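A short worksheet on the structure shown next.
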Amino acid sequence: MANTPTGSGSRAARSGLITYLEPALWRQLSEAASENEFCFAWLQLQCRMIEDTVCGVVHLKNEESAALAPAGFWPPGQQSYRHLSGVIEQALREEKGVVLRSDSGAEADLPPEELRFHLAFPVRYKETAYGVAALEIEGRPPAQLQSAMRQLQWGIAWLEKWVLQSRAAGEDMVRKRLSTALEITGLCLGEKRFKAAATACCTELATRLGCDRVAIGFLVKGTTRIQALSHSAQFEKQMNLVRAIAAAMDEAIDQACLLRHPAPESGAPTILRAHEELAQRHNSRAILTIPFLDRDGHGYGGLTLERNTGGESGWDRETVALCDALAAFIGPILLDKKQNDRPLAGKIVDSGREQFGRLVGSGHLTYKLAAAGLLLLSLFFAVARGDYRVTAHTALEGSVQRAITAPFDGYLETAEVRAGDVVEQGALLARLNDRDLVLERSKWVSQQAQHQLEYRQAMGKGDTAQASILLEQVRQAESQLQLLDEQLARTVIAAPFAGLVVSGDLSQNLGAPLEKGQVLFELAPLDSYRVMLEVNETEISAVKPGQTGELVLSAMPAEPLSFTVKTVTPVSVAAEGRSFFRVEASLAASSDRLRPGMEGYGKILVDRRRLLWIWSHDLVTWLRLKAWEWLP
């Protein structure tokens, strides 16, 4: 309903109307319980205080979506306020009061008294534009227009104060609710066992909210079982009460929503038969049940509160919000504690049941495909066969390894080679000092000449007996000379065949004394090798002469060498913390790159067996040995 400009009589009548209505408006403002009620009363008062107001609207931000929404409008019969959107947007954008002329077809040259004006002023909260109030008024002179704008600005200060107080009260309530929820949640987390945590939560809730009874229950095989009751550690004797509470929880879990008894007048229709029966049989005036829901919206338990005080419904909005938030906090915590308190066998059974449910139930396509793939893979490995090969550390040795020793006691004069050198047959390896031997030979040469002279003189005299003695001495001297000549020849140590010097380095020992039989060098041929494999004692029973295999040397990883097993040494060797048997094999083909002492790994082909057995027989063997060791 629009106010039209009139004469002084009309203004007097209007002033009387405002005086008559103000007490009612003041009472409505003071008793407003919500933003909408306050904004409507405030706007109604502003429109009466500013003369000739056509309509008005207040927009405030919604707490949840942060979008502007109408919080109050005047007159009640007005259907649309779209024509005020321009001044509203400009006031919010500039964050100050705005006055615009209406563009509803009026001529631009008309006097201000014959136009309509749009007034808007932002509502600020915490230094930001929280909303806006806009009015449409009849035309008037500039002075009166300025007065109307000032009146709107003064009224906005009142609206801002009320918004500030109401929002601060709401934030305090939220903080208090959150603090209470966190305290009870901390109490729940502080208990190690599920029963103690659930009972502590129930008792604390009952004490803080003034409840006569608080219960917590969880689904067990599709039916709710009460796990904890406030102020009671043992409640098995109250079976009727326990069953009634469990039925109420089942009712809330089945509907997956919060249930209140008595049911509020506004809200979606719900089924409350179990709650009504609980209230009648056990004298509970107000019942509140909140189900514990998982991410998929499926219930797994519930929280039921009962009391006989608290207004008509027994539960105010803040208490319901607190309990709803608390259920969201403690539900998963108690469920986790309940599952952890199960015995190990129960955990295994439940886990198996859960996995089986995923496997045969609906959904979980990826899980089913993975299980099917694993099953097919297991069947394949259980049936498929492969080469069973025994792996062993392997070393390459020459087929013949000759030791070059000192032929007699003497001194080393020269050393021409060292370990790693390749030598040809007859090549000089070392030379011994022959000075003592040369002197000894000269001595025996002179003695031989002297004995020959004496022999000839005795034969000239016809002394046969003396001649025989001297002849034997001549022969002795000849034997000594032959021995010395042989020793002199042995002072030059040569290679008996072409090969590789495996060990021996005398270059730093020139002039050192040598004893007869002392090993100077070890020589191995380059065209004939044998393979020595160290087979673990657990697998030696599978190795037999005549089996074939392949050898990969560390120096030649890209060139596998074939070999054939020749001999299995029947004596085990213990070294490096393990026991093994030495198995000798011969190479099928040689290579110029091979050298004695090379190491690698060889695999002896035994036969073809199932892949599953090949990969698991080591573990099975170990388990058998441990079982034999541990069992009495």
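Numbering starts fresh at 1 for the residues of each chain in the structure tokens, the chains themselves are lettered A, B, ... in the order given, and ligands are numbered from 1 as they appear.
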Mind dumping a table of every range 376-480 of chain A residue within 10 Å of range 548-569 of chain A, with the nearest atom pair and its distance in Å to one decimal, using only C-alpha atoms, sorted by chain and rising number, as a tab-separated table?
residue	atom	partner	partner_atom	distance
A:Arg389	CA	A:Gly549	CA	8.1
A:Val390	CA	A:Gly549	CA	9.0
A:Thr391	CA	A:Gly549	CA	9.6
A:Ala392	CA	A:Leu551	CA	9.6
A:His393	CA	A:Leu551	CA	9.6
A:Thr394	CA	A:Leu551	CA	7.8
A:Ala395	CA	A:Leu553	CA	8.5
A:Leu396	CA	A:Leu553	CA	8.8
Please, could you write that set of residues out with N, CA and C atoms as a PDB file, in the first residue's frame?
ATOM      1  N   ARG A 389      65.867 -75.274 -12.116  1.00  0.00           N
ATOM      2  CA  ARG A 389      67.313 -75.167 -12.194  1.00  0.00           C
ATOM      3  C   ARG A 389      67.876 -74.839 -10.815  1.00  0.00           C
ATOM      4  N   VAL A 390      68.998 -75.455 -10.500  1.00  0.00           N
ATOM      5  CA  VAL A 390      69.693 -75.245  -9.233  1.00  0.00           C
ATOM      6  C   VAL A 390      70.741 -74.163  -9.453  1.00  0.00           C
ATOM      7  N   THR A 391      70.662 -73.117  -8.695  1.00  0.00           N
ATOM      8  CA  THR A 391      71.591 -71.993  -8.828  1.00  0.00           C
ATOM      9  C   THR A 391      72.721 -72.132  -7.820  1.00  0.00           C
ATOM     10  N   ALA A 392      73.942 -71.851  -8.272  1.00  0.00           N
ATOM     11  CA  ALA A 392      75.101 -71.994  -7.387  1.00  0.00           C
ATOM     12  C   ALA A 392      76.156 -70.965  -7.771  1.00  0.00           C
ATOM     13  N   HIS A 393      76.890 -70.535  -6.745  1.00  0.00           N
ATOM     14  CA  HIS A 393      78.034 -69.654  -7.003  1.00  0.00           C
ATOM     15  C   HIS A 393      79.107 -70.468  -7.729  1.00  0.00           C
ATOM     16  N   THR A 394      79.728 -69.854  -8.730  1.00  0.00           N
ATOM     17  CA  THR A 394      80.606 -70.600  -9.624  1.00  0.00           C
ATOM     18  C   THR A 394      81.927 -69.870  -9.784  1.00  0.00           C
ATOM     19  N   ALA A 395      83.016 -70.656  -9.889  1.00  0.00           N
ATOM     20  CA  ALA A 395      84.349 -70.117 -10.159  1.00  0.00           C
ATOM     21  C   ALA A 395      84.973 -70.910 -11.296  1.00  0.00           C
ATOM     22  N   LEU A 396      85.761 -70.216 -12.116  1.00  0.00           N
ATOM     23  CA  LEU A 396      86.417 -70.840 -13.274  1.00  0.00           C
ATOM     24  C   LEU A 396      87.860 -71.145 -12.910  1.00  0.00           C
TER      25      LEU A 396
END
TODO: Write out as number ranges by chain the residues lying within 10 Å of Thr491 in chain A, counting only C-alpha atoms and excluding same-chain residues fewer than 6 positions away.
DONE: A: 406-408, 410-413, 430-434, 437
Selection above as a file: N, CA and C atoms, as a CSV table (one decimal), in the first residue's frame:
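This is the output file again-v3.csv:
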chain,number,residue,atom,x,y,z
A,406,ALA,N,111.1,-73.9,-6.4
A,406,ALA,CA,112.5,-73.8,-6.4
A,406,ALA,C,113.2,-75.1,-6.4
A,407,PRO,N,114.1,-75.4,-7.4
A,407,PRO,CA,114.7,-76.7,-7.6
A,407,PRO,C,115.7,-77.0,-6.5
A,408,PHE,N,116.3,-76.1,-5.8
A,408,PHE,CA,117.3,-76.3,-4.8
A,408,PHE,C,117.3,-75.0,-3.9
A,410,GLY,N,118.8,-71.7,-2.7
A,410,GLY,CA,119.6,-70.7,-3.4
A,410,GLY,C,119.1,-69.4,-3.2
A,411,TYR,N,119.5,-68.5,-4.1
A,411,TYR,CA,119.1,-67.1,-4.0
A,411,TYR,C,118.5,-66.6,-5.4
A,412,LEU,N,117.5,-65.8,-5.3
A,412,LEU,CA,116.8,-65.3,-6.5
A,412,LEU,C,117.6,-64.2,-7.1
A,413,GLU,N,117.9,-64.4,-8.4
A,413,GLU,CA,118.7,-63.4,-9.1
A,413,GLU,C,117.7,-62.5,-9.9
A,430,ALA,N,112.0,-67.0,-14.1
A,430,ALA,CA,112.9,-66.5,-13.1
A,430,ALA,C,114.3,-67.1,-13.2
A,431,ARG,N,115.3,-66.5,-12.6
A,431,ARG,CA,116.7,-67.1,-12.6
A,431,ARG,C,117.2,-67.0,-11.2
A,432,LEU,N,117.9,-68.2,-10.9
A,432,LEU,CA,118.6,-68.3,-9.6
A,432,LEU,C,120.1,-68.0,-9.7
A,433,ASN,N,120.6,-67.5,-8.6
A,433,ASN,CA,122.1,-67.2,-8.6
A,433,ASN,C,122.8,-68.5,-8.7
A,434,ASP,N,123.8,-68.6,-9.7
A,434,ASP,CA,124.6,-69.8,-9.9
A,434,ASP,C,126.1,-69.7,-9.6
A,437,LEU,N,127.4,-72.6,-7.5
A,437,LEU,CA,127.4,-73.9,-8.3
A,437,LEU,C,128.6,-73.9,-9.3
Task: Per-residue DSSP, range 281-458 of chain A, filtered to strand (DSSP E), as a PyMOL selection string - done: chain A and resi 286-293+299-307+385-398+402-405+410-415+422-423+428-432
TODO: Quick one: everything within 9 Å of range 502-510 of chain A, counting only C-alpha atoms, minus sequence neighbours fewer than 6 positions away in the same chain. Send it as a ChimeraX atom specification.
DONE: /A:401,411-421,430,519-524,596-597
Output file for the residues above (all heavy atoms, as a compact mmCIF listing (two decimals), in the first residue's frame):
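Result written to result30.txt:
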# COMPACT_ATOMS: atom_id res chain seq x y z
N GLN A 401 96.71 -77.05 -13.29
CA GLN A 401 97.34 -75.91 -12.66
C GLN A 401 98.69 -76.35 -12.13
O GLN A 401 98.77 -77.13 -11.19
CB GLN A 401 96.45 -75.34 -11.54
CG GLN A 401 96.92 -74.00 -11.00
CD GLN A 401 95.82 -73.27 -10.26
OE1 GLN A 401 94.75 -73.03 -10.82
NE2 GLN A 401 96.07 -72.93 -9.01
N TYR A 411 119.53 -68.46 -4.13
CA TYR A 411 119.13 -67.06 -4.04
C TYR A 411 118.51 -66.62 -5.37
O TYR A 411 118.99 -67.03 -6.44
CB TYR A 411 120.34 -66.18 -3.70
CG TYR A 411 120.92 -66.47 -2.33
CD1 TYR A 411 121.95 -67.40 -2.18
CD2 TYR A 411 120.45 -65.82 -1.20
CE1 TYR A 411 122.48 -67.68 -0.93
CE2 TYR A 411 120.98 -66.09 0.05
CZ TYR A 411 121.99 -67.02 0.18
OH TYR A 411 122.50 -67.30 1.42
N LEU A 412 117.48 -65.82 -5.26
CA LEU A 412 116.78 -65.34 -6.46
C LEU A 412 117.60 -64.22 -7.09
O LEU A 412 117.94 -63.25 -6.44
CB LEU A 412 115.39 -64.83 -6.09
CG LEU A 412 114.54 -64.29 -7.23
CD1 LEU A 412 114.18 -65.39 -8.21
CD2 LEU A 412 113.25 -63.64 -6.69
N GLU A 413 117.87 -64.39 -8.37
CA GLU A 413 118.65 -63.38 -9.09
C GLU A 413 117.73 -62.46 -9.91
O GLU A 413 117.87 -61.24 -9.84
CB GLU A 413 119.68 -64.06 -10.01
CG GLU A 413 120.58 -63.04 -10.71
CD GLU A 413 121.70 -63.73 -11.47
OE1 GLU A 413 121.94 -64.93 -11.25
OE2 GLU A 413 122.34 -63.05 -12.29
N THR A 414 116.81 -63.01 -10.68
CA THR A 414 115.88 -62.19 -11.47
C THR A 414 114.49 -62.85 -11.44
O THR A 414 114.38 -64.07 -11.28
CB THR A 414 116.34 -62.07 -12.93
OG1 THR A 414 116.38 -63.37 -13.54
CG2 THR A 414 117.70 -61.40 -13.03
N ALA A 415 113.47 -62.01 -11.61
CA ALA A 415 112.07 -62.48 -11.74
C ALA A 415 111.47 -61.74 -12.93
O ALA A 415 111.30 -60.51 -12.89
CB ALA A 415 111.29 -62.20 -10.46
N GLU A 416 111.13 -62.44 -13.97
CA GLU A 416 110.70 -61.83 -15.22
C GLU A 416 109.18 -61.65 -15.34
O GLU A 416 108.73 -60.86 -16.16
CB GLU A 416 111.21 -62.69 -16.40
CG GLU A 416 112.70 -62.92 -16.40
CD GLU A 416 113.48 -61.61 -16.59
OE1 GLU A 416 112.92 -60.68 -17.22
OE2 GLU A 416 114.63 -61.54 -16.11
N VAL A 417 108.42 -62.40 -14.58
CA VAL A 417 106.95 -62.33 -14.71
C VAL A 417 106.31 -62.18 -13.34
O VAL A 417 106.97 -62.34 -12.31
CB VAL A 417 106.39 -63.60 -15.41
CG1 VAL A 417 106.92 -63.71 -16.83
CG2 VAL A 417 106.70 -64.85 -14.59
N ARG A 418 105.03 -61.88 -13.36
CA ARG A 418 104.23 -61.80 -12.14
C ARG A 418 102.83 -62.31 -12.44
O ARG A 418 102.51 -62.59 -13.61
CB ARG A 418 104.18 -60.37 -11.61
CG ARG A 418 103.47 -59.41 -12.51
CD ARG A 418 103.48 -58.00 -11.96
NE ARG A 418 104.82 -57.47 -11.87
CZ ARG A 418 105.11 -56.25 -11.41
NH1 ARG A 418 104.11 -55.48 -10.96
NH2 ARG A 418 106.34 -55.80 -11.37
N ALA A 419 102.02 -62.46 -11.39
CA ALA A 419 100.67 -62.99 -11.55
C ALA A 419 99.87 -62.15 -12.53
O ALA A 419 99.88 -60.92 -12.48
CB ALA A 419 99.96 -63.03 -10.19
N GLY A 420 99.18 -62.81 -13.48
CA GLY A 420 98.38 -62.14 -14.49
C GLY A 420 99.04 -62.10 -15.84
O GLY A 420 98.37 -61.80 -16.84
N ASP A 421 100.36 -62.40 -15.91
CA ASP A 421 101.05 -62.37 -17.20
C ASP A 421 100.76 -63.63 -17.99
O ASP A 421 100.67 -64.73 -17.43
CB ASP A 421 102.56 -62.22 -16.99
CG ASP A 421 102.93 -60.86 -16.42
OD1 ASP A 421 102.07 -59.95 -16.51
OD2 ASP A 421 104.05 -60.70 -15.90
N ALA A 430 112.03 -66.97 -14.10
CA ALA A 430 112.92 -66.45 -13.07
C ALA A 430 114.29 -67.11 -13.23
O ALA A 430 114.44 -68.12 -13.94
CB ALA A 430 112.36 -66.72 -11.67
N VAL A 519 107.14 -72.77 -3.49
CA VAL A 519 106.34 -72.44 -4.68
C VAL A 519 106.65 -71.00 -5.09
O VAL A 519 106.47 -70.06 -4.30
CB VAL A 519 104.84 -72.60 -4.41
CG1 VAL A 519 104.02 -72.18 -5.64
CG2 VAL A 519 104.53 -74.03 -4.05
N LEU A 520 107.09 -70.85 -6.36
CA LEU A 520 107.40 -69.54 -6.89
C LEU A 520 106.26 -68.98 -7.73
O LEU A 520 105.90 -67.82 -7.60
CB LEU A 520 108.68 -69.61 -7.73
CG LEU A 520 109.91 -70.20 -7.02
CD1 LEU A 520 111.10 -70.23 -7.96
CD2 LEU A 520 110.23 -69.42 -5.76
N PHE A 521 105.68 -69.79 -8.59
CA PHE A 521 104.58 -69.38 -9.47
C PHE A 521 103.59 -70.52 -9.59
O PHE A 521 103.92 -71.69 -9.34
CB PHE A 521 105.11 -69.02 -10.87
CG PHE A 521 106.17 -67.95 -10.89
CD1 PHE A 521 107.52 -68.27 -10.98
CD2 PHE A 521 105.81 -66.61 -10.80
CE1 PHE A 521 108.48 -67.29 -10.98
CE2 PHE A 521 106.78 -65.62 -10.82
CZ PHE A 521 108.11 -65.96 -10.90
N GLU A 522 102.38 -70.17 -10.00
CA GLU A 522 101.37 -71.15 -10.39
C GLU A 522 100.92 -70.78 -11.80
O GLU A 522 100.56 -69.64 -12.08
CB GLU A 522 100.18 -71.14 -9.43
CG GLU A 522 100.50 -71.73 -8.08
CD GLU A 522 99.28 -71.84 -7.18
OE1 GLU A 522 98.23 -71.27 -7.55
OE2 GLU A 522 99.37 -72.49 -6.12
N LEU A 523 100.90 -71.77 -12.67
CA LEU A 523 100.64 -71.56 -14.09
C LEU A 523 99.46 -72.42 -14.52
O LEU A 523 99.37 -73.59 -14.15
CB LEU A 523 101.89 -71.92 -14.90
CG LEU A 523 101.94 -71.47 -16.35
CD1 LEU A 523 101.95 -69.95 -16.41
CD2 LEU A 523 103.18 -72.04 -17.04
N ALA A 524 98.54 -71.81 -15.28
CA ALA A 524 97.36 -72.54 -15.77
C ALA A 524 97.24 -72.31 -17.27
O ALA A 524 97.52 -71.22 -17.78
CB ALA A 524 96.10 -72.06 -15.08
N PRO A 596 91.37 -67.90 -15.74
CA PRO A 596 91.17 -68.64 -14.48
C PRO A 596 90.90 -67.66 -13.33
O PRO A 596 91.47 -66.58 -13.26
CB PRO A 596 92.50 -69.36 -14.29
CG PRO A 596 93.09 -69.45 -15.65
CD PRO A 596 92.67 -68.23 -16.37
N GLY A 597 89.99 -68.04 -12.45
CA GLY A 597 89.65 -67.20 -11.31
C GLY A 597 88.40 -66.37 -11.51
O GLY A 597 87.92 -65.74 -10.56
Task: Near-range 290-297 of chain A list (8 Å; only C-alpha atoms; drop same-chain fewer than 6 positions) as a list in words - done: Met249, Ala252, Ile253, Ala256, Cys257, Leu258, Leu259, Leu303, Thr304, Cys323, Asp324, Ala327, Ala328, Gly331 and Pro332 of chain A
- [ ] Return the single residue from A:Ala228, A:Ala403, A:Ala134, A:Ala495 that is closest to Gly517 in chain A, with distances computed using only C-alpha atoms.
- [x] A:Ala403
Task: Long-range neighbours of Gln146 in chain A as number ranges by chain, 12 Å cut-off, only C-alpha atoms, 6 positions minimum in chain - done: A: 50, 97-99, 117, 119, 139-140, 152-153
Save the residues we just selected, C-alpha atoms, as a PDB file, in the first residue's frame?
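What ended up in out00.pdb:
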ATOM      1  CA  ILE A  50       9.783   8.454   6.213  1.00  0.00           C
ATOM      2  CA  GLY A  97      24.201   5.417   0.465  1.00  0.00           C
ATOM      3  CA  VAL A  98      22.747   5.856  -3.033  1.00  0.00           C
ATOM      4  CA  VAL A  99      19.767   7.911  -4.355  1.00  0.00           C
ATOM      5  CA  PHE A 117      13.169   8.147  -5.931  1.00  0.00           C
ATOM      6  CA  LEU A 119      17.062   5.096  -1.763  1.00  0.00           C
ATOM      7  CA  GLY A 139       9.039  12.800  -5.244  1.00  0.00           C
ATOM      8  CA  ARG A 140       9.949  15.737  -3.002  1.00  0.00           C
ATOM      9  CA  LEU A 152      17.370   5.819   6.527  1.00  0.00           C
ATOM     10  CA  GLN A 153      21.030   6.095   7.512  1.00  0.00           C
TER      11      GLN A 153
END
Open item on the list: Need to verify the contact set: Ala575 in chain A, 12 Å, only C-alpha atoms, exclusion of same-chain residues closer than 6 positions in sequence. Can you return it as number ranges by chain?
Closed with: A: 534, 536, 581-582
For the selection just defined, write its residues with all heavy atoms to a file, as a PDB file, in the first residue's frame.
ATOM      1  N   GLU A 534      79.423 -74.218  -6.296  1.00  0.00           N
ATOM      2  CA  GLU A 534      79.169 -74.418  -4.862  1.00  0.00           C
ATOM      3  C   GLU A 534      77.657 -74.569  -4.675  1.00  0.00           C
ATOM      4  O   GLU A 534      76.919 -73.597  -4.533  1.00  0.00           O
ATOM      5  CB  GLU A 534      79.702 -73.230  -4.070  1.00  0.00           C
ATOM      6  CG  GLU A 534      81.210 -73.034  -4.212  1.00  0.00           C
ATOM      7  CD  GLU A 534      81.693 -71.794  -3.491  1.00  0.00           C
ATOM      8  OE1 GLU A 534      80.842 -71.055  -2.939  1.00  0.00           O
ATOM      9  OE2 GLU A 534      82.912 -71.556  -3.464  1.00  0.00           O
ATOM     10  N   ASN A 536      74.244 -75.512  -2.782  1.00  0.00           N
ATOM     11  CA  ASN A 536      73.732 -75.550  -1.418  1.00  0.00           C
ATOM     12  C   ASN A 536      73.352 -76.977  -1.035  1.00  0.00           C
ATOM     13  O   ASN A 536      72.847 -77.749  -1.856  1.00  0.00           O
ATOM     14  CB  ASN A 536      72.516 -74.631  -1.313  1.00  0.00           C
ATOM     15  CG  ASN A 536      72.157 -74.339   0.134  1.00  0.00           C
ATOM     16  OD1 ASN A 536      71.761 -75.233   0.865  1.00  0.00           O
ATOM     17  ND2 ASN A 536      72.283 -73.100   0.526  1.00  0.00           N
ATOM     18  N   PHE A 581      78.361 -78.151  -1.341  1.00  0.00           N
ATOM     19  CA  PHE A 581      79.128 -79.217  -1.975  1.00  0.00           C
ATOM     20  C   PHE A 581      79.741 -78.659  -3.254  1.00  0.00           C
ATOM     21  O   PHE A 581      79.106 -77.894  -3.980  1.00  0.00           O
ATOM     22  CB  PHE A 581      78.238 -80.410  -2.308  1.00  0.00           C
ATOM     23  CG  PHE A 581      77.807 -81.203  -1.118  1.00  0.00           C
ATOM     24  CD1 PHE A 581      76.774 -80.765  -0.303  1.00  0.00           C
ATOM     25  CD2 PHE A 581      78.449 -82.388  -0.791  1.00  0.00           C
ATOM     26  CE1 PHE A 581      76.374 -81.499   0.792  1.00  0.00           C
ATOM     27  CE2 PHE A 581      78.055 -83.126   0.310  1.00  0.00           C
ATOM     28  CZ  PHE A 581      77.009 -82.683   1.112  1.00  0.00           C
ATOM     29  N   ARG A 582      80.986 -79.073  -3.532  1.00  0.00           N
ATOM     30  CA  ARG A 582      81.665 -78.633  -4.752  1.00  0.00           C
ATOM     31  C   ARG A 582      81.321 -79.603  -5.883  1.00  0.00           C
ATOM     32  O   ARG A 582      81.484 -80.811  -5.752  1.00  0.00           O
ATOM     33  CB  ARG A 582      83.173 -78.566  -4.543  1.00  0.00           C
ATOM     34  CG  ARG A 582      83.592 -77.472  -3.576  1.00  0.00           C
ATOM     35  CD  ARG A 582      85.080 -77.524  -3.281  1.00  0.00           C
ATOM     36  NE  ARG A 582      85.886 -77.349  -4.461  1.00  0.00           N
ATOM     37  CZ  ARG A 582      86.253 -76.166  -4.987  1.00  0.00           C
ATOM     38  NH1 ARG A 582      85.862 -75.047  -4.383  1.00  0.00           N
ATOM     39  NH2 ARG A 582      87.014 -76.089  -6.055  1.00  0.00           N
TER      40      ARG A 582
END
TODO: Tell me, in Å to one decimal, how far CA of Arg101 in chain A is from CA of Val57 in chain A.
DONE: 17.2 Å
